[in-house]
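So this block is work27.cif, mmCIF, C-alpha atoms:
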data_input
loop_
_atom_site.label_atom_id
_atom_site.label_comp_id
_atom_site.auth_asym_id
_atom_site.auth_seq_id
_atom_site.Cartn_x
_atom_site.Cartn_y
_atom_site.Cartn_z
CA MET A 258 10.68 24.09 -10.86
CA PRO A 259 10.27 20.37 -10.07
CA LYS A 260 10.47 19.28 -6.46
CA GLU A 261 13.52 17.41 -5.22
CA GLU A 262 11.85 15.91 -2.14
CA VAL A 263 8.25 15.00 -1.28
CA ARG A 264 6.59 13.65 1.86
CA LEU A 265 6.22 9.87 1.76
CA ASP A 266 2.51 9.79 2.66
CA LYS A 267 1.65 12.34 -0.04
CA TRP A 268 3.60 10.43 -2.69
CA LEU A 269 1.97 7.08 -1.79
CA TRP A 270 -1.46 8.71 -2.08
CA ALA A 271 -0.59 10.54 -5.31
CA MET A 272 0.65 7.28 -6.90
CA ARG A 273 -2.67 5.58 -6.05
CA ILE A 274 -1.05 3.01 -3.79
CA PHE A 275 -3.54 4.04 -1.11
CA LYS A 276 -7.05 5.34 -1.71
CA THR A 277 -6.84 8.27 0.70
CA ARG A 278 -4.04 10.22 2.29
CA THR A 279 -5.34 9.27 5.72
CA ILE A 280 -4.98 5.57 4.90
CA SER A 281 -1.49 6.29 3.58
CA THR A 282 -0.52 8.08 6.79
CA ASP A 283 -1.99 5.30 8.95
CA ALA A 284 -0.02 2.65 7.02
CA CYS A 285 3.20 4.56 7.71
CA ARG A 286 2.35 4.93 11.40
CA LYS A 287 1.56 1.21 11.70
CA GLY A 288 5.00 0.35 10.34
CA ARG A 289 3.84 -1.06 7.00
CA VAL A 290 6.01 1.22 4.86
CA SER A 291 9.80 1.30 4.73
CA VAL A 292 12.28 3.11 2.50
CA GLY A 293 15.64 1.77 1.34
CA THR A 294 15.61 -1.92 2.23
CA GLU A 295 12.77 -4.26 3.15
CA ASP A 296 14.10 -4.78 6.67
CA ALA A 297 14.74 -1.06 7.23
CA PRO A 298 12.95 0.54 10.17
CA PRO A 299 9.42 1.74 9.44
CA ALA A 300 9.22 5.13 7.75
CA LYS A 301 7.28 7.99 9.26
CA PRO A 302 4.63 9.69 7.10
CA SER A 303 6.61 12.94 7.08
CA ARG A 304 9.81 11.31 5.78
CA THR A 305 10.94 12.87 2.53
CA ILE A 306 11.75 10.72 -0.47
CA LYS A 307 13.86 11.42 -3.55
CA VAL A 308 14.06 10.05 -7.08
CA GLY A 309 15.71 6.63 -7.02
CA ASP A 310 14.46 5.60 -3.54
CA THR A 311 13.01 2.12 -3.15
CA ILE A 312 9.79 1.88 -1.14
CA TYR A 313 8.39 -1.29 0.43
CA VAL A 314 4.68 -1.34 1.24
CA ARG A 315 3.26 -4.25 3.24
CA LYS A 316 -0.39 -4.94 2.55
CA PRO A 317 -0.68 -8.39 4.11
CA PRO A 318 -0.06 -10.95 2.76
CA VAL A 319 1.89 -9.14 0.00
CA THR A 320 4.86 -6.77 0.19
CA TYR A 321 4.91 -4.42 -2.79
CA THR A 322 8.18 -2.86 -3.95
CA PHE A 323 8.36 0.42 -5.87
CA ARG A 324 11.19 2.59 -7.20
CA VAL A 325 10.60 6.34 -7.33
CA LYS A 326 11.03 7.70 -10.88
CA GLY A 327 9.41 11.09 -10.35
CA LEU A 328 7.98 13.25 -7.58
CA THR A 329 4.60 14.91 -7.21
CA GLU A 330 2.28 15.85 -4.38
CA ASN A 331 -0.83 15.94 -6.57
CA ARG A 332 -2.91 12.87 -7.25
CA LEU A 333 -2.41 11.60 -10.78
CA GLY A 334 -4.57 9.79 -13.28
CA ALA A 335 -3.88 6.06 -13.45
CA ARG A 336 -2.31 6.38 -16.90
CA LEU A 337 0.35 8.81 -15.64
CA VAL A 338 1.45 6.72 -12.66
CA PRO A 339 4.03 4.58 -14.57
CA GLU A 340 5.97 7.78 -15.36
CA TYR A 341 6.49 8.38 -11.63
CA LEU A 342 7.07 4.88 -10.24
CA GLU A 343 8.47 1.54 -11.28
CA ASN A 344 6.84 -1.57 -9.83
CA LEU A 345 9.57 -3.97 -8.69
CA THR A 346 7.28 -6.39 -6.86
CA PRO A 347 8.44 -9.98 -7.53
CA GLN A 348 6.02 -12.38 -9.23
CA SER A 349 6.13 -14.66 -6.17
CA GLN A 350 4.27 -11.98 -4.19
CA TYR A 351 1.49 -11.84 -6.78
CA ASP A 352 1.32 -15.67 -6.80
CA LEU A 353 0.86 -15.56 -3.03
CA LEU A 354 -2.02 -13.14 -3.51
CA ASP A 355 -3.68 -15.52 -6.00
CA ILE A 356 -3.31 -18.46 -3.59
CA ILE A 357 -4.90 -16.48 -0.77
CA ALA A 358 -7.79 -15.38 -3.02
CA VAL A 359 -8.57 -18.96 -4.05
CA SER A 360 -8.24 -20.44 -0.56
CA GLY A 361 -10.56 -17.77 0.85
CA PHE A 362 -13.48 -19.43 -0.91
CA VAL A 363 -12.49 -22.96 0.05
CA ASP A 364 -11.59 -22.54 3.73
CA ARG A 365 -14.31 -20.30 5.14
CA ARG A 366 -14.18 -20.73 8.90
CA LYS A 367 -17.31 -21.16 10.99
CA GLY A 368 -18.83 -17.86 12.03
CA LEU A 369 -17.34 -15.73 9.26
CA GLY A 370 -20.29 -13.80 7.96
CA ARG A 371 -23.44 -14.93 6.28
CA PRO A 372 -23.59 -18.07 4.20
CA THR A 373 -23.34 -17.52 0.47
CA LYS A 374 -26.35 -18.11 -1.73
CA ARG A 375 -25.06 -21.55 -2.67
CA GLU A 376 -24.39 -22.49 0.97
CA GLY A 377 -27.88 -21.28 1.87
CA ARG A 378 -29.41 -23.54 -0.77
CA ASP A 379 -27.36 -26.49 0.50
CA LEU A 380 -28.55 -25.84 4.05
CA ARG A 381 -32.16 -25.61 2.91
CA ASP A 382 -31.88 -28.88 0.97
CA PHE A 383 -30.29 -30.60 3.96
CA ARG A 384 -33.08 -29.47 6.29
CA GLU A 385 -35.76 -30.58 3.83
CA GLN A 386 -34.19 -34.03 3.45
CA ALA A 387 -33.58 -34.48 7.17
CA PHE A 388 -37.08 -33.55 8.26
CA GLU A 389 -39.30 -34.82 5.47
CA GLY A 390 -41.68 -37.64 6.24
CA ASP A 391 -41.45 -38.73 9.86
CA TRP A 392 -40.59 -35.38 11.35
CA PHE A 393 -40.72 -36.55 14.95
CA LEU A 394 -38.10 -39.25 14.39
CA GLY A 395 -40.41 -42.12 15.34
CA PHE A 396 -42.07 -40.56 18.36
CA ASP A 397 -45.81 -40.43 18.67
CA ASP A 398 -47.20 -37.00 19.21
CA ASP A 399 -50.12 -38.15 21.35
CA ASP A 400 -49.55 -38.10 25.07
CA ASP A 401 -49.05 -41.56 26.62
CA ASP A 402 -48.98 -40.12 30.13
CA ASP A 403 -52.69 -41.01 30.64
CA ALA A 404 -52.08 -44.74 30.91
#

Whole structure, structure tokens version:
Amino acid sequence: MPKEEVRLDKWLWAMRIFKTRTISTDACRKGRVSVGTEDAPPAKPSRTIKVGDTIYVRKPPVTYTFRVKGLTENRLGARLVPEYLENLTPQSQYDLLDIIAVSGFVDRRKGLGRPTKREGRDLRDFREQAFEGDWFLGFDDDDDDDA
């Protein structure tokens, strides 16, 4: 007999929205998941959902929207997921994700990780150009203190 209600955290994990059930539970506890409307209060991991519920999942900077079409507590193969949920996420949210992905390469702030291979080559070329030839910037390296 098919289930009429399923725990929210189990369903999110089973639908492959989150990689592990622990991550799914943590997202609910942090207030990133709501059921009903987008501005509804955060849903607890143990909240039960039914067919027809609308679920909002905030994975900054995007808020995904799903409608429950079927219930299961078992993790499904990726091909079976569309039978159990309908993705209602507006295109504007996906456009926002694309903008963030592109700007991440352009606006890398100082101190964020190692330089990329290309940035490393640029730094090496800069050092070689700056210090080639007269390395001491016009200073003699013999001591003039004797005079």

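For the atom pair formed by atom CA of Lys307 of chain A and atom CA of Gly293 of chain A, the distance is 11.0 Å, given to one decimal.
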
Take the point (0.1, 2.9, -3.5) as written in the file and pick out every residue within 12 Å of it, counting all atoms listed in the file; give the list as an mmCIF file with C-alpha atoms, keeping the file's coordinate frame.
data_model
loop_
_atom_site.group_PDB
_atom_site.id
_atom_site.type_symbol
_atom_site.label_atom_id
_atom_site.label_comp_id
_atom_site.auth_asym_id
_atom_site.auth_seq_id
_atom_site.Cartn_x
_atom_site.Cartn_y
_atom_site.Cartn_z
ATOM 1 C CA LEU A 265 6.220 9.870 1.760
ATOM 2 C CA ASP A 266 2.510 9.790 2.660
ATOM 3 C CA LYS A 267 1.650 12.340 -0.040
ATOM 4 C CA TRP A 268 3.600 10.430 -2.690
ATOM 5 C CA LEU A 269 1.970 7.080 -1.790
ATOM 6 C CA TRP A 270 -1.460 8.710 -2.080
ATOM 7 C CA ALA A 271 -0.590 10.540 -5.310
ATOM 8 C CA MET A 272 0.650 7.280 -6.900
ATOM 9 C CA ARG A 273 -2.670 5.580 -6.050
ATOM 10 C CA ILE A 274 -1.050 3.010 -3.790
ATOM 11 C CA PHE A 275 -3.540 4.040 -1.110
ATOM 12 C CA LYS A 276 -7.050 5.340 -1.710
ATOM 13 C CA THR A 277 -6.840 8.270 0.700
ATOM 14 C CA ARG A 278 -4.040 10.220 2.290
ATOM 15 C CA ILE A 280 -4.980 5.570 4.900
ATOM 16 C CA SER A 281 -1.490 6.290 3.580
ATOM 17 C CA THR A 282 -0.520 8.080 6.790
ATOM 18 C CA ALA A 284 -0.020 2.650 7.020
ATOM 19 C CA CYS A 285 3.200 4.560 7.710
ATOM 20 C CA ARG A 289 3.840 -1.060 7.000
ATOM 21 C CA VAL A 290 6.010 1.220 4.860
ATOM 22 C CA ILE A 312 9.790 1.880 -1.140
ATOM 23 C CA TYR A 313 8.390 -1.290 0.430
ATOM 24 C CA VAL A 314 4.680 -1.340 1.240
ATOM 25 C CA ARG A 315 3.260 -4.250 3.240
ATOM 26 C CA LYS A 316 -0.390 -4.940 2.550
ATOM 27 C CA THR A 320 4.860 -6.770 0.190
ATOM 28 C CA TYR A 321 4.910 -4.420 -2.790
ATOM 29 C CA THR A 322 8.180 -2.860 -3.950
ATOM 30 C CA PHE A 323 8.360 0.420 -5.870
ATOM 31 C CA ARG A 324 11.190 2.590 -7.200
ATOM 32 C CA VAL A 325 10.600 6.340 -7.330
ATOM 33 C CA ARG A 332 -2.910 12.870 -7.250
ATOM 34 C CA LEU A 333 -2.410 11.600 -10.780
ATOM 35 C CA ALA A 335 -3.880 6.060 -13.450
ATOM 36 C CA VAL A 338 1.450 6.720 -12.660
ATOM 37 C CA PRO A 339 4.030 4.580 -14.570
ATOM 38 C CA TYR A 341 6.490 8.380 -11.630
ATOM 39 C CA LEU A 342 7.070 4.880 -10.240
ATOM 40 C CA GLU A 343 8.470 1.540 -11.280
ATOM 41 C CA ASN A 344 6.840 -1.570 -9.830
#

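Between atom CA of Ile356 of chain A and atom CA of Thr311 of chain A there is a distance of 26.3 Å.
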
* Find the residues around Glu262 of chain A up to 8 Å (only C-alpha atoms counted), leave out those fewer than 4 positions away in its own chain, and share them as a ChimeraX atom specification. => /A:305-308,328

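Note that atom CA of Val292 of chain A and atom CA of Gly309 of chain A are 10.7 Å apart.
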
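Using only C-alpha atoms, the shortest contact distance between Tyr351 of chain A and any of A:Pro318, A:Glu385, A:Arg375, A:Val263 is found at A:Pro318.
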
So for segment 299-313 of chain A, what box centre and size do we get, axis-aligned, 5 Å extra on each of the six sides, every listed atom, Å to one decimal, as JSON?
{"center_x": 10.2, "center_y": 5.8, "center_z": 1.2, "size_x": 21.1, "size_y": 24.2, "size_z": 26.5}

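Taking all atoms listed in the file into account, Pro317 of chain A lies nearest to A:Ile357 out of the set A:Gln348, A:Glu295, A:Ile357, A:Arg336.
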